[in-house]
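Novice: Right, I'll just put the structure down here and ask away after.
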Amino acid sequence: MKAQRRSILKRLFASVAGVAGLGTATQVMAEPQAEKEVFNVVNHQDVPLFSGSTKLGNLVFVAGKGYHKEGDIKVHTDEVLKELEKELVKAGSSMEKVLKVNVYLHDLNDYKGMNEVYKGRFGSKPPVRTTVAVYGGVPGDSLVEMDCIAYI
Amino acid sequence: MKAQRRSILKRLFASVAGVAGLGTATQVMAEPQAEKEVFNVVNHQDVPLFSGSTKLGNLVFVAGKGYHKEGDIKVHTDEVLKELEKELVKAGSSMEKVLKVNVYLHDLNDYKGMNEVYKGRFGSKPPVRTTVAVYGGVPGDSLVEMDCIAYI
Amino acid sequence: MKAQRRSILKRLFASVAGVAGLGTATQVMAEPQAEKEVFNVVNHQDVPLFSGSTKLGNLVFVAGKGYHKEGDIKVHTDEVLKELEKELVKAGSSMEKVLKVNVYLHDLNDYKGMNEVYKGRFGSKPPVRTTVAVYGGVPGDSLVEMDCIAYI
């Protein structure tokens, strides 16, 4: 029992040394074993191109999502938000745990319509947001593209 | 006294187990209690739309800021930087603790004027920066929009 | 010996208290000693303008990179990816450890050509990606600008 406790203590010391650097200014986030996970990898000609989401520790990064079918800005916003949510849930996160969203509109005139559908979708503590329009610069004829950073 | 110490030890073990995973490859950042904080929430029709900043652990995300009054690129850059600083201070951070800035210019010809005002504003260890122009794509007639990621 | 062990325990308690907040919901990432490092600082008129990369804990942020010489989208994409890699390696990271990439094309018609060169460059577990075109909005006549967030 005593030996076991000592052994746990040793592992405890080792862990804490790794985490807190025992009095040095070592970063907490510098845990060397941390490795990313990826979900929904998209290939291009059988070679990995990008992932739908990546995860490191409790941080989740979601790829830019568009909607490539018919519909106005409200339809496109709704579908893009649903795509973000799918990725978030798959990675173990949720709309309520999003920290930052980037919105790329096809046309700045869609700003108001986008807001109509966007509002409230991330709960009562919404993420920060940066919105710009890129006039023809969203791939695949989507009226809006969004990505996000979240946590678990 | 002894009992108290033992109790503290127990809590210590529990904490460290949560933090360091006691010898497993558990992420340091995966502390399950970590919850975001949000500041300066902006509503749209009484529904939360986005926050001025969000905070998770020691990371701070600031929303895209524009300046919606008269002025040239130097005035707009100065005002936008002040807006970023307000959000950073409110969240417990500072200009010196910014890691990454995104700059969206209305016109690429303003690149030089923006730099004149931007330089030195983040101290001697400045953040990384990504600058593009979006030609009419910045909301609210601002000549420049900026967001940032910082720490505390 | 006993005194030394007690001293280590005290430091251990102090460290863990700082890290885990001893039973409170304190963020793991909130280690107050965490300070950013910066690499390849670019000055403007002898004043720090931005860094090539910044590092906090195990997170690395790389500045937007363009290519400012002759060449088509494949050449530009290749050179920009090499620039990202240089910064990553300098900061102690690698292409395989990238979590998120932002791609700003000069022209959306270059999307396919960019993909041809981009695919596989980040290994079998690629980062998420957000791509938009900004039509003249990339500084210095580069056909593409990219930045990234990675880890160590």
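By order in the structure tokens, chains are A, B, ...; within a chain, residues start at 1; ligands start at 1, following the order shown.
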Compute the set of chain B residues within 6 Å of chain C, using only C-alpha atoms, and express it as a list in words.
Specialist: Ser15, Gln33, Ala34, Gly57, Asn58, Leu99, Leu108, Lys119, Gly120, Ser124, Pro126, Pro127, Val128, Arg129, Thr130, Val132, Ala133 and Val134 of chain B
Novice: Go ahead and save the residues from that selection, with all heavy atoms, as a CSV table (one decimal), in the first residue's frame.
Specialist:
chain,number,residue,atom,x,y,z
B,15,SER,N,-6.8,16.9,-8.8
B,15,SER,CA,-6.5,18.0,-9.8
B,15,SER,C,-5.5,17.6,-10.8
B,15,SER,O,-5.6,17.7,-12.0
B,15,SER,CB,-6.0,19.2,-9.0
B,15,SER,OG,-7.0,19.8,-8.2
B,33,GLN,N,-13.2,21.4,-17.2
B,33,GLN,CA,-14.0,22.5,-16.6
B,33,GLN,C,-13.9,23.8,-17.4
B,33,GLN,O,-14.5,24.8,-17.1
B,33,GLN,CB,-13.6,22.8,-15.1
B,33,GLN,CG,-13.9,21.6,-14.2
B,33,GLN,CD,-12.6,20.8,-14.0
B,33,GLN,OE1,-11.8,20.7,-14.8
B,33,GLN,NE2,-12.5,20.2,-12.8
B,34,ALA,N,-12.9,23.9,-18.3
B,34,ALA,CA,-12.7,25.1,-19.0
B,34,ALA,C,-13.9,25.6,-19.8
B,34,ALA,O,-14.5,24.8,-20.6
B,34,ALA,CB,-11.5,25.0,-20.0
B,57,GLY,N,-9.5,29.8,-21.2
B,57,GLY,CA,-8.2,29.7,-20.5
B,57,GLY,C,-7.4,31.0,-20.7
B,57,GLY,O,-7.9,32.0,-20.4
B,58,ASN,N,-6.2,30.9,-21.2
B,58,ASN,CA,-5.4,32.1,-21.4
B,58,ASN,C,-5.5,32.7,-22.8
B,58,ASN,O,-4.8,33.6,-23.2
B,58,ASN,CB,-4.0,32.0,-21.0
B,58,ASN,CG,-3.3,30.9,-21.8
B,58,ASN,OD1,-3.9,30.2,-22.5
B,58,ASN,ND2,-1.9,30.8,-21.7
B,99,LEU,N,-1.2,37.7,-30.5
B,99,LEU,CA,-0.4,36.7,-31.2
B,99,LEU,C,-0.6,36.8,-32.7
B,99,LEU,O,0.3,36.5,-33.5
B,99,LEU,CB,-0.9,35.3,-30.7
B,99,LEU,CG,-0.6,35.0,-29.3
B,99,LEU,CD1,-1.6,33.8,-28.8
B,99,LEU,CD2,0.8,34.6,-29.1
B,108,LEU,N,-6.2,48.0,-51.5
B,108,LEU,CA,-4.8,47.7,-51.3
B,108,LEU,C,-3.9,48.9,-51.4
B,108,LEU,O,-2.8,48.9,-50.8
B,108,LEU,CB,-4.4,46.6,-52.3
B,108,LEU,CG,-3.1,45.8,-52.0
B,108,LEU,CD1,-3.2,45.2,-50.7
B,108,LEU,CD2,-2.8,44.8,-53.1
B,119,LYS,N,2.5,50.3,-37.3
B,119,LYS,CA,3.8,49.9,-36.8
B,119,LYS,C,4.0,50.4,-35.3
B,119,LYS,O,3.7,51.5,-35.0
B,119,LYS,CB,4.9,50.6,-37.7
B,119,LYS,CG,5.1,52.1,-37.6
B,119,LYS,CD,6.2,52.6,-38.4
B,119,LYS,CE,6.7,53.9,-38.0
B,119,LYS,NZ,5.7,55.0,-38.5
B,120,GLY,N,4.6,49.5,-34.6
B,120,GLY,CA,4.9,49.8,-33.2
B,120,GLY,C,3.8,49.7,-32.2
B,120,GLY,O,4.0,49.8,-31.0
B,124,SER,N,7.4,45.6,-29.0
B,124,SER,CA,8.7,45.2,-29.7
B,124,SER,C,8.6,43.7,-30.1
B,124,SER,O,9.5,43.3,-30.9
B,124,SER,CB,9.8,45.3,-28.7
B,124,SER,OG,9.6,44.6,-27.5
B,126,PRO,N,5.9,42.0,-32.0
B,126,PRO,CA,4.6,42.1,-32.6
B,126,PRO,C,4.0,40.8,-33.0
B,126,PRO,O,4.7,39.8,-33.2
B,126,PRO,CB,4.9,43.0,-33.8
B,126,PRO,CG,6.3,42.7,-34.2
B,126,PRO,CD,7.0,42.5,-32.9
B,127,PRO,N,2.7,40.8,-33.1
B,127,PRO,CA,2.0,39.6,-33.6
B,127,PRO,C,2.3,39.3,-35.1
B,127,PRO,O,2.8,40.2,-35.8
B,127,PRO,CB,0.5,39.9,-33.5
B,127,PRO,CG,0.4,41.4,-33.5
B,127,PRO,CD,1.7,41.9,-32.9
B,128,VAL,N,2.0,38.1,-35.5
B,128,VAL,CA,2.0,37.8,-37.0
B,128,VAL,C,0.8,38.6,-37.6
B,128,VAL,O,-0.1,39.0,-36.9
B,128,VAL,CB,1.8,36.3,-37.3
B,128,VAL,CG1,3.0,35.5,-36.7
B,128,VAL,CG2,0.5,35.8,-36.8
B,129,ARG,N,0.8,38.8,-38.9
B,129,ARG,CA,-0.2,39.5,-39.5
B,129,ARG,C,-0.5,39.0,-40.9
B,129,ARG,O,0.4,38.5,-41.6
B,129,ARG,CB,0.2,41.0,-39.7
B,129,ARG,CG,-0.9,41.9,-40.0
B,129,ARG,CD,-0.5,43.4,-40.1
B,129,ARG,NE,0.3,43.6,-41.3
B,129,ARG,CZ,0.8,44.8,-41.7
B,129,ARG,NH1,0.6,45.8,-40.9
B,129,ARG,NH2,1.4,44.9,-42.8
B,130,THR,N,-1.8,39.0,-41.3
B,130,THR,CA,-2.2,38.6,-42.6
B,130,THR,C,-3.0,39.7,-43.2
B,130,THR,O,-4.0,40.1,-42.5
B,130,THR,CB,-3.0,37.3,-42.7
B,130,THR,OG1,-2.2,36.2,-42.1
B,130,THR,CG2,-3.4,36.9,-44.1
B,132,VAL,N,-5.1,41.4,-46.5
B,132,VAL,CA,-5.6,41.3,-47.9
B,132,VAL,C,-6.6,42.5,-48.0
B,132,VAL,O,-7.1,43.1,-47.0
B,132,VAL,CB,-6.4,40.0,-48.2
B,132,VAL,CG1,-5.5,38.8,-48.2
B,132,VAL,CG2,-7.5,39.8,-47.2
B,133,ALA,N,-6.9,42.8,-49.3
B,133,ALA,CA,-7.9,43.9,-49.6
B,133,ALA,C,-9.1,43.2,-50.2
B,133,ALA,O,-9.0,42.2,-50.9
B,133,ALA,CB,-7.3,44.9,-50.5
B,134,VAL,N,-10.3,43.8,-49.8
B,134,VAL,CA,-11.6,43.1,-50.2
B,134,VAL,C,-12.5,44.0,-51.1
B,134,VAL,O,-13.6,43.6,-51.4
B,134,VAL,CB,-12.3,42.5,-49.0
B,134,VAL,CG1,-11.6,41.3,-48.5
B,134,VAL,CG2,-12.5,43.5,-47.9
Novice: Using DSSP on the backbone coordinates, identify all residues within segment 46-115 of chain B classified as alpha helix (DSSP H); present the result as a PyMOL selection string.
Specialist: chain B and resi 73-90+111-115
Novice: So how far away is atom CA of Ser93 of chain A from atom CA of Lys74 of chain A, in Å?
Specialist: 24.4 Å
Novice: Figure out the distance between atom CA of Glu96 of chain B and atom CA of Lys125 of chain B, please, to one decimal in Å.
Specialist: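 One can read the atom CA of Lys125 of chain B to atom CA of Glu96 of chain B distance as 7.2 Å.
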Novice: Based on the backbone DSSP call, show me all residues of segment 39-115 of chain A assigned strand (DSSP E or B), as a tab-separated table (two decimals) with N, CA, C and O atoms, in the first residue's frame.
Specialist:
chain	number	residue	atom	x	y	z
A	39	PHE	N	-10.67	14.88	-38.59
A	39	PHE	CA	-11.93	14.23	-38.96
A	39	PHE	C	-12.31	14.60	-40.39
A	39	PHE	O	-12.00	15.70	-40.85
A	42	VAL	N	-10.69	15.19	-46.65
A	42	VAL	CA	-11.05	15.26	-48.07
A	42	VAL	C	-9.81	15.02	-48.91
A	42	VAL	O	-8.78	15.69	-48.71
A	43	ASN	N	-9.89	14.07	-49.83
A	43	ASN	CA	-8.76	13.78	-50.71
A	43	ASN	C	-8.89	14.52	-52.04
A	43	ASN	O	-9.99	14.83	-52.49
A	44	HIS	N	-7.77	14.80	-52.67
A	44	HIS	CA	-7.73	15.30	-54.04
A	44	HIS	C	-6.83	14.35	-54.81
A	44	HIS	O	-5.64	14.23	-54.48
A	47	VAL	N	-5.01	11.91	-52.64
A	47	VAL	CA	-4.02	12.45	-51.70
A	47	VAL	C	-4.75	13.37	-50.72
A	47	VAL	O	-5.60	14.16	-51.14
A	48	PRO	N	-4.45	13.28	-49.40
A	48	PRO	CA	-5.15	14.12	-48.42
A	48	PRO	C	-4.98	15.61	-48.73
A	48	PRO	O	-3.85	16.09	-48.90
A	49	LEU	N	-6.10	16.32	-48.84
A	49	LEU	CA	-6.09	17.75	-49.20
A	49	LEU	C	-6.32	18.62	-47.97
A	49	LEU	O	-5.51	19.48	-47.65
A	50	PHE	N	-7.44	18.40	-47.30
A	50	PHE	CA	-7.70	19.09	-46.03
A	50	PHE	C	-8.66	18.26	-45.19
A	50	PHE	O	-9.28	17.33	-45.70
A	53	SER	N	-12.30	18.86	-39.79
A	53	SER	CA	-11.94	19.51	-38.52
A	53	SER	C	-10.64	18.92	-38.01
A	53	SER	O	-10.27	17.78	-38.36
A	54	THR	N	-9.95	19.70	-37.21
A	54	THR	CA	-8.75	19.22	-36.51
A	54	THR	C	-8.92	19.56	-35.04
A	54	THR	O	-9.62	20.52	-34.68
A	55	LYS	N	-8.28	18.75	-34.21
A	55	LYS	CA	-8.44	18.91	-32.76
A	55	LYS	C	-7.09	18.81	-32.11
A	55	LYS	O	-6.31	17.90	-32.42
A	56	LEU	N	-6.78	19.72	-31.21
A	56	LEU	CA	-5.57	19.62	-30.39
A	56	LEU	C	-5.96	19.98	-28.97
A	56	LEU	O	-6.41	21.10	-28.71
A	59	LEU	N	-8.96	22.33	-28.12
A	59	LEU	CA	-9.27	23.25	-29.22
A	59	LEU	C	-9.69	22.50	-30.48
A	59	LEU	O	-9.10	21.48	-30.82
A	60	VAL	N	-10.70	23.03	-31.17
A	60	VAL	CA	-11.20	22.43	-32.41
A	60	VAL	C	-11.22	23.49	-33.52
A	60	VAL	O	-11.70	24.61	-33.30
A	61	PHE	N	-10.68	23.13	-34.68
A	61	PHE	CA	-10.68	24.03	-35.83
A	61	PHE	C	-11.54	23.40	-36.93
A	61	PHE	O	-11.32	22.24	-37.29
A	62	VAL	N	-12.50	24.17	-37.44
A	62	VAL	CA	-13.39	23.64	-38.48
A	62	VAL	C	-13.09	24.33	-39.81
A	62	VAL	O	-12.90	25.55	-39.88
A	63	ALA	N	-13.06	23.53	-40.89
A	63	ALA	CA	-12.77	24.03	-42.24
A	63	ALA	C	-13.84	24.97	-42.75
A	63	ALA	O	-15.00	24.93	-42.30
A	64	GLY	N	-13.48	25.81	-43.70
A	64	GLY	CA	-14.44	26.68	-44.36
A	64	GLY	C	-15.53	25.87	-45.04
A	64	GLY	O	-15.24	24.95	-45.80
A	65	LYS	N	-16.80	26.24	-44.76
A	65	LYS	CA	-17.94	25.51	-45.31
A	65	LYS	C	-18.76	26.41	-46.22
A	65	LYS	O	-19.06	27.56	-45.86
A	98	VAL	N	-18.36	27.52	-29.57
A	98	VAL	CA	-17.56	28.17	-30.61
A	98	VAL	C	-17.00	29.48	-30.06
A	98	VAL	O	-17.70	30.25	-29.39
A	99	LEU	N	-15.73	29.73	-30.33
A	99	LEU	CA	-15.04	30.92	-29.85
A	99	LEU	C	-14.97	32.02	-30.90
A	99	LEU	O	-15.03	33.21	-30.57
A	100	LYS	N	-14.78	31.61	-32.16
A	100	LYS	CA	-14.53	32.60	-33.23
A	100	LYS	C	-15.09	32.09	-34.54
A	100	LYS	O	-14.89	30.92	-34.89
A	101	VAL	N	-15.78	32.94	-35.27
A	101	VAL	CA	-16.30	32.60	-36.59
A	101	VAL	C	-15.79	33.62	-37.61
A	101	VAL	O	-15.73	34.82	-37.32
A	102	ASN	N	-15.41	33.14	-38.80
A	102	ASN	CA	-15.13	34.03	-39.93
A	102	ASN	C	-16.21	33.81	-40.98
A	102	ASN	O	-16.48	32.67	-41.37
A	103	VAL	N	-16.81	34.92	-41.43
A	103	VAL	CA	-17.86	34.87	-42.44
A	103	VAL	C	-17.36	35.57	-43.71
A	103	VAL	O	-16.95	36.73	-43.65
A	104	TYR	N	-17.38	34.86	-44.83
A	104	TYR	CA	-17.02	35.42	-46.12
A	104	TYR	C	-18.26	35.42	-47.00
A	104	TYR	O	-18.71	34.37	-47.45
A	105	LEU	N	-18.84	36.62	-47.19
A	105	LEU	CA	-20.02	36.73	-48.04
A	105	LEU	C	-19.60	36.87	-49.49
A	105	LEU	O	-18.55	37.44	-49.80
Novice: Between atom CA of Glu83 of chain C and atom CA of Phe122 of chain C, what is the distance in Å, rounded to a tenth?
Specialist: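 Interatomic distance here is 13.4 Å.
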Novice: Find the residues around Met114 of chain A up to 9 Å (only C-alpha atoms counted), leave out those fewer than 3 positions away in its own chain, and share them as a list of chain:residue names.
Specialist: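 Once the adjacent positions are removed, what remains is A:Ile73, A:Lys74, A:His76, A:Thr77, A:Asp78, A:Leu105, A:Asp110, A:Tyr111, A:Val117, A:Tyr118, A:Lys119, A:Val144.
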Novice: Within 7 Å of Lys97 of chain C, counting only C-alpha atoms, which residues show up once you throw out same-chain ones fewer than 4 positions away? Write them as an mmCIF file with N, CA and C atoms, in the first residue's frame, please.
Specialist:
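As written to disk, result_36.cif reads:
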data_model
loop_
_atom_site.group_PDB
_atom_site.id
_atom_site.type_symbol
_atom_site.label_atom_id
_atom_site.label_comp_id
_atom_site.auth_asym_id
_atom_site.auth_seq_id
_atom_site.Cartn_x
_atom_site.Cartn_y
_atom_site.Cartn_z
ATOM 1 N N SER C 93 8.035 23.680 -35.111
ATOM 2 C CA SER C 93 6.892 22.893 -35.581
ATOM 3 C C SER C 93 7.217 22.277 -36.949
ATOM 4 N N ALA C 150 -0.424 26.322 -36.042
ATOM 5 C CA ALA C 150 0.136 24.976 -35.867
ATOM 6 C C ALA C 150 0.429 24.725 -34.389
ATOM 7 N N TYR C 151 1.085 23.609 -34.121
ATOM 8 C CA TYR C 151 1.473 23.317 -32.731
ATOM 9 C C TYR C 151 2.857 22.672 -32.713
ATOM 10 N N ILE C 152 3.358 22.432 -31.529
ATOM 11 C CA ILE C 152 4.704 21.859 -31.398
ATOM 12 C C ILE C 152 4.630 20.506 -30.723
#
Novice: So that I can see what lies close to Met95 of chain C, please list as an MDAnalysis selection string the residues with an atom at most 9 Å from it, counting only C-alpha atoms and leaving out residues fewer than 4 positions away in the same chain.
Specialist: chainID C and resid 81 84:85 88:89 121:123 126 150
